[in-house]
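J.: This is the structure I have questions about; it appears just below.
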Amino acid sequence: MADETRDVQVQETQKQEVAAGDAERTRDRVAFVPRADIYETDDAIFVVADMPGVDENSVDITLENNVLSINGYVEPVRPENYSLAYAEYRVGDYQRRFTISDQIDQDGIEASVKDGVLRLYLPKSVPAARKIAVRAG
Amino acid sequence: MLLRPFDSFWSPWREMERLRREMNRLFAATTPARLGGGVALAYPAMNVWANEDGAIITAELPGVNPEDIDVSVVDDTLTLKGGREPDELQEGATYHRRERNYGKFTRVFRLPFQVEADEVKATFEKGVLQISLPRAESDKPKKIAVKTG
């Protein structure tokens with residue numbers, strides 16, 4: 001089999017499975033930890049997560065007691081009359097939690113999913129610390 | 001039933017899987033241990049669904065613009081190219097986590113049959129690419145009628 005990969009930063013392409021925690025899953029399906037980027041500006045926090053197979057109707061996001069929970073549910077693609085002959089990746093749900101230290105304006109949260117990528121905008125409710133000008137006495 | 005119907009068709013896949021395992025084992029034995037213990041796999045990872053008329057390949061490409069995906073097929077070889085760019089950050093933004101990968105990829109995948117290149121179809125939904133690769137008519141096994149003398 002001819003395989004080549006160039007110019008791509010492949011670290012671990014394999015998906016990381018959610019470790020069995022205190023709460024067991026009710027769905028009989030494996031769950032993965034979505035890879036995420038998190039960045040912050042003065043007035044908001046942005047979360048970007050790779051969740052292929054998820055669309056806007058199959059993702060649940062909750063923010064409770066500063067814990068942001070992301071759950072994505074995936075209906076596996078099963079082409080009719082075909083059998084899986086060779087597999088390099090597994091399909092499953094996504095599940096991840098983050099602790100957010102800033103106060104978030106719950107009503108201002110925006111979420112969107114496009115091409116299997118979840119984007120969250122979490123505006124901070126407390127205005128960013130103002131710089132206090134020090135005058136020369 | 002004495003014989004499984006598609007035994008002859010399945011064998012190339014089994015052989016590929018056996019080879020892949022063997023290669024992984026070899027690499028694992030000769031390269032330093034990596035985090036996670038495996039070898040770096042080709043990107044993107046692919047799943048192959050097959051029947052006697054062809055194959056369907058799926059790959060997870062979250063965040064890749066479908067217009068940037070290039071699928072081409074010559075004979076029995078599928079070439080998949082694409083890439084994605086990192087988000088453009090506003091000024092003053094700082095990263096807390098950066099786990100998602102960016103960049104270009106090329107993957108070449110050989111199938112155990114000749115593909116009817118004109119009939120190849122690809123769809124991209126929810127970040128999952130699905131390529132349907134029908135087997136060329138000329139490549140399909142012909143049933144030979146045995147005549148009695």
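Here's how to read the names in the structure tokens: chain A, B, ... by the order shown, residue numbers from 1 in each chain, ligand numbers from 1 in the order shown.
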Select from chain B every residue with an atom at most 7 Å from any atom of chain A, then for each give the shortest pair of atoms and their distance in Å to one decimal, using only C-alpha atoms, rows by chain and rising number, as JSON lines.

T.:
```
{"residue": "B:Trp13", "atom": "CA", "partner": "A:Ala85", "partner_atom": "CA", "distance": 6.3}
{"residue": "B:Glu17", "atom": "CA", "partner": "A:Tyr86", "partner_atom": "CA", "distance": 6.8}
{"residue": "B:Ala40", "atom": "CA", "partner": "A:Glu12", "partner_atom": "CA", "distance": 6.3}
{"residue": "B:Leu41", "atom": "CA", "partner": "A:Thr13", "partner_atom": "CA", "distance": 6.4}
{"residue": "B:Ala42", "atom": "CA", "partner": "A:Thr5", "partner_atom": "CA", "distance": 5.8}
{"residue": "B:Tyr43", "atom": "CA", "partner": "A:Thr5", "partner_atom": "CA", "distance": 6.4}
{"residue": "B:Ala45", "atom": "CA", "partner": "A:Glu88", "partner_atom": "CA", "distance": 5.4}
{"residue": "B:Met46", "atom": "CA", "partner": "A:Glu88", "partner_atom": "CA", "distance": 5.5}
{"residue": "B:Asn47", "atom": "CA", "partner": "A:Ala87", "partner_atom": "CA", "distance": 4.3}
{"residue": "B:Val48", "atom": "CA", "partner": "A:Tyr86", "partner_atom": "CA", "distance": 5.0}
{"residue": "B:Trp49", "atom": "CA", "partner": "A:Leu84", "partner_atom": "CA", "distance": 4.3}
{"residue": "B:Ala50", "atom": "CA", "partner": "A:Tyr82", "partner_atom": "CA", "distance": 5.2}
{"residue": "B:Asn51", "atom": "CA", "partner": "A:Tyr82", "partner_atom": "CA", "distance": 5.2}
{"residue": "B:Glu60", "atom": "CA", "partner": "A:Pro52", "partner_atom": "CA", "distance": 5.9}
{"residue": "B:Leu61", "atom": "CA", "partner": "A:Pro52", "partner_atom": "CA", "distance": 6.9}
{"residue": "B:Pro62", "atom": "CA", "partner": "A:Gly116", "partner_atom": "CA", "distance": 4.8}
{"residue": "B:Gly63", "atom": "CA", "partner": "A:Asp115", "partner_atom": "CA", "distance": 5.3}
{"residue": "B:Gly92", "atom": "CA", "partner": "A:Thr41", "partner_atom": "CA", "distance": 6.1}
{"residue": "B:Ala93", "atom": "CA", "partner": "A:Thr41", "partner_atom": "CA", "distance": 4.4}
{"residue": "B:Thr94", "atom": "CA", "partner": "A:Tyr39", "partner_atom": "CA", "distance": 5.4}
{"residue": "B:Tyr95", "atom": "CA", "partner": "A:Tyr39", "partner_atom": "CA", "distance": 4.2}
{"residue": "B:His96", "atom": "CA", "partner": "A:Ile38", "partner_atom": "CA", "distance": 5.3}
{"residue": "B:Arg97", "atom": "CA", "partner": "A:Ile38", "partner_atom": "CA", "distance": 5.0}
{"residue": "B:Arg98", "atom": "CA", "partner": "A:Asp37", "partner_atom": "CA", "distance": 4.5}
{"residue": "B:Glu99", "atom": "CA", "partner": "A:Ala36", "partner_atom": "CA", "distance": 5.4}
{"residue": "B:Arg100", "atom": "CA", "partner": "A:Arg35", "partner_atom": "CA", "distance": 5.7}
{"residue": "B:Asn101", "atom": "CA", "partner": "A:Gln9", "partner_atom": "CA", "distance": 6.3}
{"residue": "B:Tyr102", "atom": "CA", "partner": "A:Gln9", "partner_atom": "CA", "distance": 6.9}
{"residue": "B:Gly103", "atom": "CA", "partner": "A:Val8", "partner_atom": "CA", "distance": 5.2}
{"residue": "B:Lys104", "atom": "CA", "partner": "A:Val8", "partner_atom": "CA", "distance": 5.4}
{"residue": "B:Phe105", "atom": "CA", "partner": "A:Val8", "partner_atom": "CA", "distance": 5.4}
{"residue": "B:Thr106", "atom": "CA", "partner": "A:Thr5", "partner_atom": "CA", "distance": 5.3}
{"residue": "B:Arg107", "atom": "CA", "partner": "A:Glu4", "partner_atom": "CA", "distance": 5.4}
{"residue": "B:Val108", "atom": "CA", "partner": "A:Asp3", "partner_atom": "CA", "distance": 5.1}
{"residue": "B:Phe109", "atom": "CA", "partner": "A:Ala2", "partner_atom": "CA", "distance": 5.8}
{"residue": "B:Arg110", "atom": "CA", "partner": "A:Met1", "partner_atom": "CA", "distance": 5.6}
{"residue": "B:Glu125", "atom": "CA", "partner": "A:Asp115", "partner_atom": "CA", "distance": 6.6}
{"residue": "B:Lys126", "atom": "CA", "partner": "A:Asp115", "partner_atom": "CA", "distance": 4.5}
{"residue": "B:Gly127", "atom": "CA", "partner": "A:Asp115", "partner_atom": "CA", "distance": 4.1}
{"residue": "B:Val128", "atom": "CA", "partner": "A:Pro52", "partner_atom": "CA", "distance": 6.0}
```

J.: Hey, what's within 12 Å of Asn65 of chain A if we count only C-alpha atoms and toss same-chain stuff fewer than 3 positions away? As a PyMOL selection string, please?

T.: chain A and resi 62+68-69+97-104+106

J.: Return the single residue from A:Ala19, A:Val33, A:Ile61, A:Ala133 that is closest to Arg96 of chain A, with distances computed using only C-alpha atoms.

T.: A:Val33

J.: Run DSSP on the backbone and tell me which residues of chain A come out as strand (DSSP E); list them as a PyMOL selection string.

T.: chain A and resi 16-17+31-33+36-40+44-50+59-64+67-72+83-87+93-99+110-114+117-123

J.: Just want the 10 Å neighbourhood of segment 139-142 of chain B, counted on only C-alpha atoms, with same-chain residues fewer than 2 positions away dropped. Output as an mmCIF file with N, CA, C and O atoms, in the first residue's frame.

T.:
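Saved the output as selection_34.cif:
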```
data_model
loop_
_atom_site.group_PDB
_atom_site.id
_atom_site.type_symbol
_atom_site.label_atom_id
_atom_site.label_comp_id
_atom_site.auth_asym_id
_atom_site.auth_seq_id
_atom_site.Cartn_x
_atom_site.Cartn_y
_atom_site.Cartn_z
ATOM 1 N N SER B 8 -12.897 -14.845 -2.206
ATOM 2 C CA SER B 8 -11.809 -14.478 -3.105
ATOM 3 C C SER B 8 -11.644 -12.960 -3.140
ATOM 4 O O SER B 8 -10.554 -12.447 -3.266
ATOM 5 N N PHE B 9 -12.773 -12.236 -2.976
ATOM 6 C CA PHE B 9 -12.688 -10.786 -3.011
ATOM 7 C C PHE B 9 -12.070 -10.224 -1.746
ATOM 8 O O PHE B 9 -11.335 -9.256 -1.776
ATOM 9 N N GLU B 52 -18.656 -6.342 -3.598
ATOM 10 C CA GLU B 52 -18.111 -6.885 -4.856
ATOM 11 C C GLU B 52 -18.100 -5.837 -5.978
ATOM 12 O O GLU B 52 -17.407 -5.997 -6.968
ATOM 13 N N ASP B 53 -18.829 -4.738 -5.800
ATOM 14 C CA ASP B 53 -18.912 -3.724 -6.860
ATOM 15 C C ASP B 53 -17.989 -2.532 -6.640
ATOM 16 O O ASP B 53 -17.971 -1.616 -7.461
ATOM 17 N N GLY B 54 -17.294 -2.502 -5.538
ATOM 18 C CA GLY B 54 -16.410 -1.366 -5.304
ATOM 19 C C GLY B 54 -16.199 -1.092 -3.839
ATOM 20 O O GLY B 54 -16.399 -1.975 -3.004
ATOM 21 N N PHE B 113 -8.292 -3.063 -6.543
ATOM 22 C CA PHE B 113 -8.989 -3.235 -7.824
ATOM 23 C C PHE B 113 -8.848 -1.960 -8.648
ATOM 24 O O PHE B 113 -8.511 -0.894 -8.117
ATOM 25 N N GLN B 114 -9.127 -2.066 -9.934
ATOM 26 C CA GLN B 114 -9.114 -0.897 -10.815
ATOM 27 C C GLN B 114 -10.426 -0.134 -10.598
ATOM 28 O O GLN B 114 -11.481 -0.725 -10.460
ATOM 29 N N VAL B 115 -10.314 1.190 -10.580
ATOM 30 C CA VAL B 115 -11.484 2.019 -10.297
ATOM 31 C C VAL B 115 -12.017 2.621 -11.598
ATOM 32 O O VAL B 115 -11.252 3.005 -12.478
ATOM 33 N N GLU B 116 -13.349 2.674 -11.703
ATOM 34 C CA GLU B 116 -13.996 3.349 -12.827
ATOM 35 C C GLU B 116 -13.943 4.849 -12.516
ATOM 36 O O GLU B 116 -14.829 5.404 -11.858
ATOM 37 N N ARG B 135 -15.841 -0.304 -8.811
ATOM 38 C CA ARG B 135 -14.842 -1.143 -9.459
ATOM 39 C C ARG B 135 -15.079 -1.109 -10.963
ATOM 40 O O ARG B 135 -16.218 -1.147 -11.421
ATOM 41 N N ALA B 136 -13.979 -1.010 -11.708
ATOM 42 C CA ALA B 136 -14.091 -0.955 -13.173
ATOM 43 C C ALA B 136 -14.726 -2.245 -13.684
ATOM 44 O O ALA B 136 -14.419 -3.326 -13.192
ATOM 45 N N GLU B 137 -15.606 -2.089 -14.662
ATOM 46 C CA GLU B 137 -16.313 -3.239 -15.225
ATOM 47 C C GLU B 137 -15.310 -4.295 -15.715
ATOM 48 O O GLU B 137 -15.494 -5.492 -15.508
ATOM 49 N N ILE B 144 -17.199 -17.865 -15.887
ATOM 50 C CA ILE B 144 -16.935 -18.673 -17.072
ATOM 51 C C ILE B 144 -17.861 -19.886 -17.033
ATOM 52 O O ILE B 144 -17.849 -20.638 -16.053
ATOM 53 N N ALA B 145 -18.637 -19.990 -18.046
ATOM 54 C CA ALA B 145 -19.525 -21.145 -18.102
ATOM 55 C C ALA B 145 -18.725 -22.363 -18.565
ATOM 56 O O ALA B 145 -17.949 -22.289 -19.517
#
```

J.: For Val30 of chain A, find every residue with an atom within 9 Å (counting only C-alpha atoms), except residues of its own chain fewer than 3 positions away, and show them as a list in words.

T.: Glu17, Val18, Arg25, Arg27, Arg90, Val91, Gly92, Asp93 and Tyr94 of chain A

J.: In Å, how far is it from atom CA of Pro112 of chain B to atom CA of Pro134 of chain B?

T.: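 Separation between atom CA of Pro112 of chain B and atom CA of Pro134 of chain B: 11.9 Å.
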
J.: List the neighbours of Asp105 of chain A out to 9 Å using only C-alpha atoms; skip same-chain residues closer than 3 positions along the sequence, and give me the result as a PyMOL selection string.

T.: chain A and resi 108-109+122-126

J.: Take the residues that were just selected and, keeping N, CA and C atoms, output them as a short mmCIF file (atom, residue, chain, number, x, y, z; two decimals), in the first residue's frame.

T.:
```
data_model
loop_
_atom_site.label_atom_id
_atom_site.label_comp_id
_atom_site.auth_asym_id
_atom_site.auth_seq_id
_atom_site.Cartn_x
_atom_site.Cartn_y
_atom_site.Cartn_z
N GLY A 108 -25.04 35.58 26.70
CA GLY A 108 -24.32 36.03 25.51
C GLY A 108 -23.56 34.92 24.79
N ILE A 109 -23.67 33.70 25.31
CA ILE A 109 -22.90 32.60 24.71
C ILE A 109 -23.43 32.29 23.31
N LEU A 122 -17.67 32.74 24.40
CA LEU A 122 -18.12 32.90 25.78
C LEU A 122 -17.72 34.30 26.27
N PRO A 123 -18.65 35.25 26.21
CA PRO A 123 -18.29 36.61 26.63
C PRO A 123 -18.15 36.71 28.15
N LYS A 124 -17.17 37.43 28.60
CA LYS A 124 -16.98 37.61 30.04
C LYS A 124 -18.00 38.64 30.55
N SER A 125 -18.60 38.35 31.69
CA SER A 125 -19.65 39.26 32.19
C SER A 125 -19.04 40.45 32.92
N VAL A 126 -17.89 40.25 33.53
CA VAL A 126 -17.24 41.37 34.22
C VAL A 126 -16.31 42.04 33.21
#
```

J.: Atom CA of Leu111 of chain B and atom CA of Leu78 of chain B, how far apart in Å?

T.: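 Atom CA of Leu78 of chain B sits 7.6 Å away from atom CA of Leu111 of chain B.
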
J.: As number ranges by chain, please: all residues of segment 13-114 of chain B that backbone DSSP puts in alpha helix (DSSP H).

T.: B: 13-30
